[in-house]
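Quick look at query.txt (compact mmCIF, C-alpha atoms and all ligand atoms):
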```
# COMPACT_ATOMS: atom_id res chain seq x y z
CA MET A 1 78.62 72.10 115.80
CA GLY A 2 77.28 70.65 112.53
CA ILE A 3 79.51 69.21 109.85
CA SER A 4 80.89 71.47 107.18
CA TYR A 5 79.65 71.13 103.63
CA ASP A 6 79.06 73.12 100.46
CA VAL A 7 75.93 72.16 98.58
CA LYS A 8 73.47 74.15 96.49
CA ASP A 9 70.49 74.02 98.87
CA VAL A 10 69.96 71.70 101.87
CA ASN A 11 66.22 72.06 101.43
CA LEU A 12 66.49 69.73 98.44
CA ALA A 13 67.38 66.87 100.82
CA GLU A 14 63.89 65.36 101.01
CA ALA A 15 63.60 64.99 97.24
CA GLY A 16 67.12 63.57 97.13
CA GLY A 17 66.30 61.05 99.85
CA LEU A 18 63.37 59.66 97.88
CA ARG A 19 65.44 59.21 94.73
CA ILE A 20 68.33 57.65 96.67
CA GLU A 21 65.99 55.13 98.29
CA TYR A 22 64.52 54.30 94.88
CA ALA A 23 68.00 53.75 93.37
CA GLY A 24 68.87 51.57 96.37
CA GLN A 25 66.09 49.17 95.40
CA HIS A 26 68.09 48.42 92.24
CA MET A 27 71.34 47.85 94.14
CA PRO A 28 70.90 44.47 95.84
CA VAL A 29 74.61 43.69 96.06
CA LEU A 30 75.35 46.94 97.86
CA ARG A 31 72.37 46.35 100.13
CA GLY A 32 73.81 42.98 101.16
CA LEU A 33 77.20 44.56 101.76
CA LYS A 34 75.62 47.29 103.86
CA GLU A 35 74.16 44.68 106.23
CA ARG A 36 77.49 42.87 106.40
CA PHE A 37 79.44 46.10 106.96
CA ALA A 38 77.01 47.21 109.68
CA LYS A 39 77.66 43.97 111.62
CA GLU A 40 81.39 43.62 111.05
CA LYS A 41 82.46 47.30 110.96
CA PRO A 42 85.47 46.58 108.72
CA LEU A 43 86.20 50.27 108.18
CA SER A 44 85.93 51.28 111.81
CA GLY A 45 87.81 54.52 112.44
CA ILE A 46 89.12 54.78 108.85
CA ARG A 47 89.01 58.24 107.28
CA MET A 48 88.08 58.16 103.62
CA GLY A 49 88.09 60.89 100.97
CA ALA A 50 85.91 60.32 97.92
CA CYS A 51 85.85 62.28 94.67
CA LEU A 52 82.95 60.75 92.72
CA HIS A 53 79.99 61.82 90.62
CA VAL A 54 77.46 62.82 93.27
CA THR A 55 74.48 60.74 92.18
CA THR A 56 71.82 58.60 93.84
CA GLU A 57 74.06 55.57 93.28
CA THR A 58 77.04 57.22 94.96
CA ALA A 59 74.79 58.10 97.90
CA ASN A 60 74.07 54.39 98.32
CA LEU A 61 77.80 53.65 98.32
CA MET A 62 78.34 56.35 100.96
CA GLN A 63 75.77 54.60 103.17
CA VAL A 64 77.68 51.31 102.89
CA LEU A 65 80.99 52.95 103.83
CA LYS A 66 79.38 54.72 106.79
CA ALA A 67 77.71 51.47 107.88
CA GLY A 68 81.19 49.91 107.85
CA GLY A 69 82.41 52.51 110.32
CA ALA A 70 84.28 54.83 107.95
CA GLU A 71 84.29 58.59 108.24
CA VAL A 72 83.84 59.81 104.67
CA ALA A 73 84.16 63.24 103.06
CA LEU A 74 82.92 63.59 99.48
CA CYS A 75 83.37 66.00 96.59
CA GLY A 76 82.14 65.86 93.01
CA SER A 77 84.37 64.45 90.28
CA ASN A 78 82.98 66.66 87.53
CA PRO A 79 81.50 70.17 87.69
CA LEU A 80 78.37 69.16 85.75
CA SER A 81 77.56 65.73 87.16
CA THR A 82 76.42 66.63 90.68
CA GLN A 83 72.77 66.03 91.53
CA ASN A 84 72.08 68.85 93.97
CA ASP A 85 69.27 67.06 95.79
CA VAL A 86 71.58 64.10 96.45
CA ALA A 87 74.37 66.35 97.72
CA ALA A 88 71.85 68.01 100.05
CA TRP A 89 70.67 64.66 101.49
CA LEU A 90 74.22 63.41 101.99
CA ALA A 91 75.18 66.55 103.88
CA SER A 92 72.06 67.01 105.96
CA ASP A 93 70.65 63.51 106.48
CA LEU A 94 73.61 61.12 106.22
CA GLY A 95 76.05 63.56 107.83
CA VAL A 96 78.70 63.18 105.12
CA PRO A 97 80.74 66.37 104.65
CA THR A 98 79.80 66.91 101.00
CA PHE A 99 81.33 69.52 98.72
CA ALA A 100 79.62 69.55 95.34
CA VAL A 101 77.44 72.01 93.46
CA ARG A 102 76.20 71.36 89.94
CA GLY A 103 77.66 73.96 87.57
CA GLU A 104 80.54 74.95 89.89
CA ASP A 105 83.47 76.64 88.14
CA ASN A 106 86.97 75.16 88.09
CA GLU A 107 88.10 77.19 91.08
CA ARG A 108 85.27 75.96 93.28
CA TYR A 109 85.72 72.43 91.93
CA TYR A 110 89.30 72.41 93.22
CA GLN A 111 88.29 74.14 96.49
CA HIS A 112 85.98 71.18 97.01
CA ILE A 113 88.81 68.71 96.42
CA GLU A 114 90.89 70.69 98.92
CA ALA A 115 88.05 70.40 101.46
CA VAL A 116 88.15 66.61 101.15
CA ILE A 117 91.93 66.59 101.57
CA ALA A 118 91.52 68.77 104.67
CA ALA A 119 89.52 65.89 106.21
CA LYS A 120 92.83 63.94 106.25
CA PRO A 121 91.79 60.81 104.34
CA GLN A 122 93.70 57.55 104.78
CA ILE A 123 91.98 55.98 101.78
CA THR A 124 91.01 57.85 98.61
CA MET A 125 88.24 56.78 96.25
CA ASP A 126 88.65 58.69 93.02
CA ASP A 127 86.92 58.96 89.64
CA GLY A 128 89.30 60.53 87.15
CA CYS A 129 92.38 60.93 89.41
CA ASP A 130 91.89 64.63 90.26
CA LEU A 131 91.92 63.90 94.01
CA VAL A 132 95.02 61.69 93.87
CA PHE A 133 96.78 64.14 91.58
CA THR A 134 95.98 67.13 93.83
CA ILE A 135 97.31 65.27 96.88
CA HIS A 136 100.56 64.46 95.05
CA ASP A 137 100.87 67.93 93.53
CA LYS A 138 99.93 70.19 96.43
CA HIS A 139 99.51 68.14 99.60
CA GLN A 140 102.47 65.84 100.10
CA GLU A 141 101.94 66.37 103.84
CA ALA A 142 98.90 64.07 103.44
CA LEU A 143 100.95 61.18 102.02
CA PRO A 144 102.30 59.56 105.24
CA ASP A 145 98.74 58.87 106.49
CA MET A 146 97.69 57.20 103.29
CA LEU A 147 96.86 53.48 103.22
CA GLY A 148 95.88 53.49 99.55
CA GLY A 149 93.30 54.49 97.00
CA SER A 150 90.92 53.13 94.41
CA GLU A 151 90.14 54.50 90.96
CA GLU A 152 86.80 54.16 89.22
CA THR A 153 87.38 55.08 85.60
CA THR A 154 89.51 54.33 82.52
CA THR A 155 90.90 57.86 82.28
CA GLY A 156 91.88 57.85 85.95
CA VAL A 157 93.69 54.53 85.55
CA ILE A 158 95.57 55.88 82.50
CA ARG A 159 96.71 58.90 84.56
CA LEU A 160 97.76 56.66 87.46
CA ARG A 161 99.75 54.36 85.18
CA ALA A 162 101.53 57.43 83.79
CA MET A 163 102.32 58.51 87.38
CA GLU A 164 103.58 55.01 88.19
CA LYS A 165 105.76 54.95 85.08
CA MET A 166 107.32 58.31 85.97
CA GLY A 167 108.00 57.05 89.52
CA ALA A 168 105.63 59.74 90.82
CA LEU A 169 102.97 57.56 92.49
CA ARG A 170 103.47 57.74 96.26
CA TYR A 171 100.79 55.35 97.50
CA PRO A 172 99.14 52.17 96.16
CA VAL A 173 95.97 52.52 94.11
CA ILE A 174 93.60 49.77 93.00
CA ALA A 175 92.28 50.06 89.44
CA VAL A 176 88.63 49.25 90.11
CA ASN A 177 87.86 50.12 86.47
CA ASP A 178 89.85 47.12 85.32
CA ALA A 179 87.84 44.55 87.30
CA ASP A 180 85.84 42.34 84.93
CA THR A 181 82.69 43.02 86.94
CA LYS A 182 83.28 46.74 86.38
CA HIS A 183 84.32 47.52 82.83
CA PHE A 184 82.50 44.67 81.04
CA PHE A 185 79.24 45.98 82.46
CA ASP A 186 79.47 49.59 83.65
CA ASN A 187 81.57 50.84 80.73
CA ARG A 188 79.65 48.89 78.11
CA TYR A 189 76.02 48.65 79.24
CA GLY A 190 76.06 51.61 81.64
CA THR A 191 77.72 54.08 79.27
CA GLY A 192 75.85 52.57 76.33
CA GLN A 193 72.44 53.25 77.79
CA SER A 194 73.13 56.46 79.71
CA THR A 195 74.85 58.15 76.75
CA ILE A 196 71.88 57.49 74.50
CA ASP A 197 69.66 58.70 77.36
CA GLY A 198 71.65 61.96 77.61
CA ILE A 199 71.54 62.58 73.86
CA VAL A 200 67.82 61.95 73.68
CA ARG A 201 67.03 64.11 76.73
CA ALA A 202 69.19 66.95 75.41
CA THR A 203 67.86 66.91 71.84
CA ASN A 204 64.74 64.73 71.54
CA ILE A 205 66.07 63.56 68.15
CA LEU A 206 64.90 60.40 66.42
CA LEU A 207 67.69 57.85 66.32
CA ALA A 208 66.02 55.58 63.76
CA GLY A 209 67.77 56.14 60.45
CA CYS A 210 70.17 58.67 62.00
CA ARG A 211 73.83 58.67 60.90
CA PHE A 212 75.60 58.18 64.20
CA VAL A 213 79.38 58.44 64.63
CA VAL A 214 81.18 56.89 67.61
CA CYS A 215 84.80 58.02 68.07
CA GLY A 216 86.63 55.36 70.06
CA TYR A 217 85.78 51.64 70.18
CA GLY A 218 86.86 50.81 73.72
CA TRP A 219 84.37 49.30 76.16
CA CYS A 220 82.37 52.53 76.37
CA GLY A 221 82.34 53.11 72.61
CA ARG A 222 81.22 49.53 72.02
CA GLY A 223 78.31 50.03 74.38
CA VAL A 224 77.19 53.29 72.76
CA ALA A 225 77.50 51.86 69.24
CA MET A 226 75.51 48.78 70.23
CA ARG A 227 72.69 50.79 71.77
CA ALA A 228 72.58 53.37 68.95
CA ARG A 229 72.24 50.52 66.46
CA GLY A 230 69.51 49.04 68.64
CA MET A 231 67.55 52.26 68.21
CA GLY A 232 67.88 52.04 64.44
CA ALA A 233 70.77 54.40 63.84
CA VAL A 234 73.30 53.74 61.07
CA VAL A 235 76.54 53.64 63.07
CA ALA A 236 80.09 54.49 61.99
CA ILE A 237 83.14 53.91 64.17
CA CYS A 238 86.35 55.97 64.11
CA GLU A 239 89.39 54.27 65.66
CA VAL A 240 93.17 54.54 65.70
CA ASP A 241 93.81 51.00 66.96
CA PRO A 242 93.81 48.51 64.06
CA VAL A 243 92.56 45.57 66.12
CA ARG A 244 89.66 47.56 67.54
CA ALA A 245 88.86 48.95 64.08
CA LEU A 246 88.80 45.40 62.70
CA GLU A 247 86.56 44.29 65.54
CA ALA A 248 84.18 47.17 64.81
CA ALA A 249 84.10 46.21 61.13
CA MET A 250 83.35 42.57 61.95
CA ASP A 251 80.74 43.66 64.49
CA GLY A 252 79.01 45.05 61.40
CA TYR A 253 79.68 48.79 61.73
CA LEU A 254 80.97 51.19 59.12
CA VAL A 255 84.57 52.13 59.94
CA MET A 256 86.06 55.33 58.58
CA PRO A 257 88.50 58.13 59.43
CA ILE A 258 87.03 61.05 61.37
CA MET A 259 87.49 63.42 58.41
CA GLU A 260 85.21 61.24 56.30
CA ALA A 261 82.76 60.71 59.16
CA ALA A 262 82.63 64.47 59.73
CA ARG A 263 81.05 64.94 56.28
CA TRP A 264 78.76 61.96 56.70
CA GLY A 265 77.44 62.03 60.28
CA GLU A 266 74.53 63.70 62.01
CA VAL A 267 75.37 62.83 65.63
CA PHE A 268 78.93 62.53 66.95
CA VAL A 269 79.98 61.02 70.28
CA THR A 270 83.57 61.00 71.52
CA LEU A 271 84.73 58.36 74.01
CA THR A 272 88.46 58.11 73.42
CA GLY A 273 90.02 59.53 76.60
CA ASP A 274 92.14 61.72 74.30
CA TYR A 275 92.31 65.35 73.37
CA SER A 276 90.98 67.34 70.40
CA VAL A 277 89.31 64.40 68.68
CA LEU A 278 86.72 66.60 66.94
CA ARG A 279 88.33 69.86 65.89
CA ARG A 280 88.24 72.79 63.46
CA GLU A 281 88.93 70.80 60.28
CA HIS A 282 85.96 68.56 61.15
CA PHE A 283 83.63 71.42 62.14
CA GLU A 284 84.39 73.02 58.78
CA VAL A 285 82.79 70.17 56.83
CA MET A 286 79.97 69.00 59.12
CA LYS A 287 76.36 69.11 58.03
CA ASP A 288 74.00 71.85 59.18
CA GLY A 289 72.35 70.64 62.40
CA ALA A 290 75.08 68.17 63.42
CA VAL A 291 75.01 67.24 67.10
CA LEU A 292 78.30 66.95 69.01
CA CYS A 293 78.77 65.38 72.40
CA ASN A 294 81.32 63.66 74.57
CA SER A 295 81.00 60.74 76.93
CA GLY A 296 84.68 60.52 77.87
CA HIS A 297 85.77 61.65 81.34
CA PHE A 298 87.18 65.10 80.48
CA ASP A 299 85.76 67.90 78.35
CA VAL A 300 88.80 68.01 76.05
CA GLU A 301 87.70 65.58 73.34
CA ILE A 302 85.80 68.26 71.38
CA ASP A 303 87.84 71.38 70.68
CA ILE A 304 85.30 73.81 72.11
CA PRO A 305 87.62 76.87 72.01
CA ALA A 306 88.01 76.32 68.23
CA LEU A 307 84.25 75.96 67.80
CA ARG A 308 83.70 79.14 69.77
CA GLU A 309 86.34 80.96 67.72
CA MET A 310 84.73 79.87 64.44
CA ALA A 311 81.16 80.71 65.50
CA ARG A 312 79.42 83.96 64.63
CA SER A 313 77.14 83.51 67.62
CA GLU A 314 76.27 81.02 70.33
CA ARG A 315 73.00 80.51 72.19
CA ARG A 316 71.40 77.96 74.51
CA VAL A 317 68.46 76.46 72.67
CA ARG A 318 67.55 73.71 75.14
CA PRO A 319 68.70 73.11 78.73
CA MET A 320 71.72 71.04 77.68
CA ALA A 321 72.14 72.07 74.01
CA ASP A 322 74.12 75.06 72.76
CA GLU A 323 73.81 76.18 69.15
CA PHE A 324 76.92 77.51 67.39
CA LEU A 325 76.09 79.51 64.25
CA LEU A 326 78.96 79.38 61.74
CA PRO A 327 79.68 82.20 59.25
CA ASP A 328 78.28 80.14 56.32
CA GLY A 329 74.97 79.67 58.13
CA ARG A 330 75.50 76.09 59.33
CA ARG A 331 74.47 75.37 62.92
CA LEU A 332 76.30 72.87 65.13
CA TYR A 333 74.82 71.75 68.45
CA LEU A 334 77.07 71.00 71.42
CA LEU A 335 75.51 68.97 74.25
CA GLY A 336 76.31 69.26 77.95
CA GLU A 337 79.05 71.84 77.33
CA GLY A 338 81.22 68.99 76.04
CA ARG A 339 81.24 67.33 79.48
CA LEU A 340 80.16 63.71 79.88
CA VAL A 341 76.74 63.84 78.28
CA ASN A 342 75.41 60.85 80.22
CA LEU A 343 75.83 62.68 83.53
CA ALA A 344 75.41 66.28 82.36
CA ALA A 345 72.20 65.70 80.38
CA ALA A 346 70.94 62.50 82.04
CA GLU A 347 71.51 60.77 85.38
CA GLY A 348 74.57 58.64 84.63
CA HIS A 349 74.51 54.87 84.60
CA PRO A 350 71.47 53.10 86.00
CA ALA A 351 71.68 51.91 89.59
CA SER A 352 71.71 48.20 88.82
CA VAL A 353 75.02 48.45 86.95
CA MET A 354 76.59 50.87 89.47
CA ASP A 355 75.67 48.17 92.02
CA MET A 356 78.56 46.08 90.70
CA SER A 357 81.06 48.92 90.26
CA PHE A 358 80.42 50.22 93.76
CA ALA A 359 80.44 46.75 95.32
CA ASN A 360 83.99 46.49 93.96
CA GLN A 361 84.77 49.90 95.48
CA ALA A 362 83.38 48.95 98.89
CA LEU A 363 85.23 45.62 99.00
CA CYS A 364 88.46 47.26 97.81
CA ALA A 365 88.17 49.78 100.65
CA ILE A 366 88.25 46.90 103.15
CA TYR A 367 91.14 45.33 101.29
CA LEU A 368 93.10 48.59 101.49
CA ALA A 369 92.24 49.09 105.15
CA LYS A 370 93.73 45.63 105.87
CA ASN A 371 96.57 45.41 103.37
CA GLY A 372 97.31 48.93 102.11
CA ARG A 373 100.49 49.40 104.16
CA ALA A 374 102.00 46.23 102.70
CA LEU A 375 101.35 47.15 99.06
CA GLU A 376 103.92 48.76 96.80
CA ASN A 377 103.26 52.25 95.47
CA ARG A 378 101.87 50.98 92.20
CA VAL A 379 98.62 50.54 90.34
CA HIS A 380 97.16 47.22 91.53
CA PRO A 381 94.46 45.03 90.02
CA VAL A 382 91.28 44.32 91.97
CA PRO A 383 91.99 41.05 93.80
CA PRO A 384 90.39 38.30 91.66
CA GLU A 385 88.45 36.95 94.65
CA ILE A 386 86.67 40.32 94.97
CA ASP A 387 85.78 40.32 91.26
CA ALA A 388 84.43 36.76 91.53
CA GLU A 389 82.49 37.58 94.70
CA VAL A 390 80.79 40.55 93.03
CA ALA A 391 79.78 38.35 90.08
CA ARG A 392 78.43 35.67 92.42
CA LEU A 393 76.48 38.16 94.51
CA LYS A 394 74.99 39.83 91.41
CA LEU A 395 73.95 36.50 89.90
CA ALA A 396 72.33 35.50 93.19
CA ALA A 397 70.48 38.82 93.34
CA MET A 398 69.27 38.22 89.77
CA GLU A 399 68.13 34.73 90.81
CA ILE A 400 70.37 33.15 88.19
CA GLU A 401 71.96 29.79 88.97
CA ILE A 402 74.95 28.40 87.10
CA ASP A 403 76.59 25.01 86.75
CA THR A 404 79.75 23.63 88.34
CA LEU A 405 82.19 21.23 86.71
CA THR A 406 81.89 17.54 87.55
CA PRO A 407 85.02 15.96 89.10
CA GLU A 408 85.57 14.14 85.76
CA GLN A 409 85.46 17.46 83.89
CA GLU A 410 87.93 19.02 86.34
CA ARG A 411 90.27 16.04 85.84
CA TYR A 412 89.93 16.26 82.06
CA LEU A 413 90.90 19.94 82.07
CA ALA A 414 93.94 19.21 84.23
CA ASP A 415 95.10 16.33 82.01
CA TYR A 416 97.31 17.47 79.15
CA GLN A 417 97.73 13.93 77.83
CA ALA A 418 94.15 13.46 76.68
CA GLY A 419 94.05 14.46 72.99
CA THR A 420 92.62 12.96 69.83
N1 LIG B 1 79.50 57.17 86.59
C1 LIG B 1 78.63 56.93 85.59
N2 LIG B 1 77.38 56.84 86.05
C2 LIG B 1 77.44 57.04 87.39
C3 LIG B 1 76.46 57.08 88.40
N3 LIG B 1 75.18 56.88 88.16
N4 LIG B 1 76.89 57.32 89.66
C4 LIG B 1 78.20 57.52 89.91
N5 LIG B 1 79.16 57.49 88.99
C5 LIG B 1 78.78 57.25 87.73
```
Will you turn the file into structure tokens for me?
Ligand code: ADE
Amino acid sequence: MGISYDVKDVNLAEAGGLRIEYAGQHMPVLRGLKERFAKEKPLSGIRMGACLHVTTETANLMQVLKAGGAEVALCGSNPLSTQNDVAAWLASDLGVPTFAVRGEDNERYYQHIEAVIAAKPQITMDDGCDLVFTIHDKHQEALPDMLGGSEETTTGVIRLRAMEKMGALRYPVIAVNDADTKHFFDNRYGTGQSTIDGIVRATNILLAGCRFVVCGYGWCGRGVAMRARGMGAVVAICEVDPVRALEAAMDGYLVMPIMEAARWGEVFVTLTGDYSVLRREHFEVMKDGAVLCNSGHFDVEIDIPALREMARSERRVRPMADEFLLPDGRRLYLLGEGRLVNLAAAEGHPASVMDMSFANQALCAIYLAKNGRALENRVHPVPPEIDAEVARLKLAAMEIEIDTLTPEQERYLADYQAGT
């Protein structure tokens, strides 16, 4: 009997395979790990459940886990991020039970999470915490088998920390997002580039001279602001954190409250992790033609129900752009249905940055397989030796050499008596 899966069309597998192989060429660290895993089989017999964006990069990670001996089941971590050709290849060629269809509704999205839980994972690999939350909420019977989990994204880590604080977290989870070799690079350069890519693909607007508003100046917001400026946009930052706002100002951006930015801006991107960031009072004053999109994990940052309520009509004008006509004749354009625009309207982060994020994931899976039972039910950092190893491997793959301290320099640093 074949494996069970739910994908759009298995006949897309060949096209998916070509794109996955191409992405793999930009993932040298994962490639090295795949060879190592194939020899050492560190995940032999371990059942894993993954809830990740189903992309060419994720398919390369799945190959590493399989090479290491794991049995993996996979579902999508967002209804609009699945690449159907990739899901088809994973199911039919790699033999990974894959449950992901681009455009699935919420009910099917959660059925797919249930299908992964039904595979009885001992390790979860989550992006956004929906898998971990569903296990805790509806499948406590799965908890005794669990060695641990890992979490890919900022929003997921925030949810996990809230669970930990409430005493609700019932197995240990590693915050992969918080590794230096993850968020300094993936969140900043990955989100920076892929968000601009999504906006441009969805609209084909010219960014040079464009008034561009970034809501949220965390690592992702910094990356988007930096890349928008690089394309010639005039960038304004909206923040609630005074230190981040100050940093944005000294990085040379305009900083203003959202209400002021709403009147000023032409393109708006939310990356705050919070709810209702752009809402009715802002829609009421925006310019005709303003473009709204979100690159945060969930589709709650733009108040779409309010926009819909205000609009006289709504129509799809381009594959990932919906026009909302307001009673006074102004038109606002919502990209990617308010879901993460970098994955809904483009292909997510480029492979060479996911190489580092997913190397952390793969190495954390081994760590959990070995040590999970001994860890407390808390949110744990990525072990520093894993972070350092990923940096070393990436530098080596980029053919970059660095210096080491001389013994005299080491001694100097250890000597508190040497001053003026
Ligand atoms: N998150 C952002 N970009 C991604 C990608 N290309 N693959 C998987 N997860 C992602």
Practice problem: Could you check which of A:Ala88, A:Leu335, A:Asn377, A:Ser313 is closest to A:Asn204, using all atoms listed in the file? | Solution: A:Leu335
Exercise. Write as a VMD selection string the residues around ligand LIG 1 (chain B), taking 6 Å as the cut-off and counting only C-alpha atoms and all ligand atoms.
Key: chain A and resid 53 55 57 to 58 348 to 350
Self-check item: Minimum-distance residue to A:Glu301, chosen among A:Arg330, A:Lys370, A:Arg339, A:Lys8 (using all atoms listed in the file)
Solution: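 Ranking A:Arg330, A:Lys370, A:Arg339, A:Lys8 by distance to A:Glu301, first place goes to A:Arg339.
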Practice problem: Please measure the separation of atom CA of A:Lys66 and atom CA of A:Ile46, giving the value in Å to one decimal. | Solution: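 So the answer is 10.0 Å.
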Self-check item: Who sits within 12 Å of stretch 31-42 of chain A, only C-alpha atoms, same chain under 3 positions skipped, as a PyMOL selection string
Solution: chain A and resi 21+23-28+45-46+57+60-71+351-352+355-356+358-370+389-390+393-394+396-397
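For the choices A:Val7, A:Val132, A:Ala179, A:Val277, the atom-to-atom distance to A:Val96 is smallest for A:Val7 when using only C-alpha atoms.
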Surrounding residues of A:Asn78 excluding itself and chain neighbours under 4 positions, 8 Å, only C-alpha atoms, as a short mmCIF file (atom, residue, chain, number, x, y, z; two decimals) with C-alpha atoms, in the coordinates of the input:
```
data_model
loop_
_atom_site.label_atom_id
_atom_site.label_comp_id
_atom_site.auth_asym_id
_atom_site.auth_seq_id
_atom_site.Cartn_x
_atom_site.Cartn_y
_atom_site.Cartn_z
CA LEU A 52 82.95 60.75 92.72
CA HIS A 53 79.99 61.82 90.62
CA THR A 82 76.42 66.63 90.68
CA TYR A 109 85.72 72.43 91.93
#
```
Quiz prompt | atom CA of A:Glu260 to atom CA of A:Met231, distance in Å rounded to a single decimal | solution = 23.1 Å
Quiz item: For A:Gln111, which of A:Asp241, A:Glu284, A:Asp251, A:Asp130 is the closest residue, counting all atoms listed in the file?
Solution: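 The shortest atom-to-atom distance to A:Gln111 comes from A:Asp130.
In this comparison, which uses all atoms listed in the file, the residue of A:Thr270, A:Asn177, A:Thr404, A:Asn371 approaching A:Asp387 most closely is A:Asn177.
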Practice problem: Mind checking which residues fall within 7 Å of stretch 48-51 of chain A, counting only C-alpha atoms, ignoring those fewer than 3 positions away in the same chain, and posting them as a count of residues only? | Solution: 18
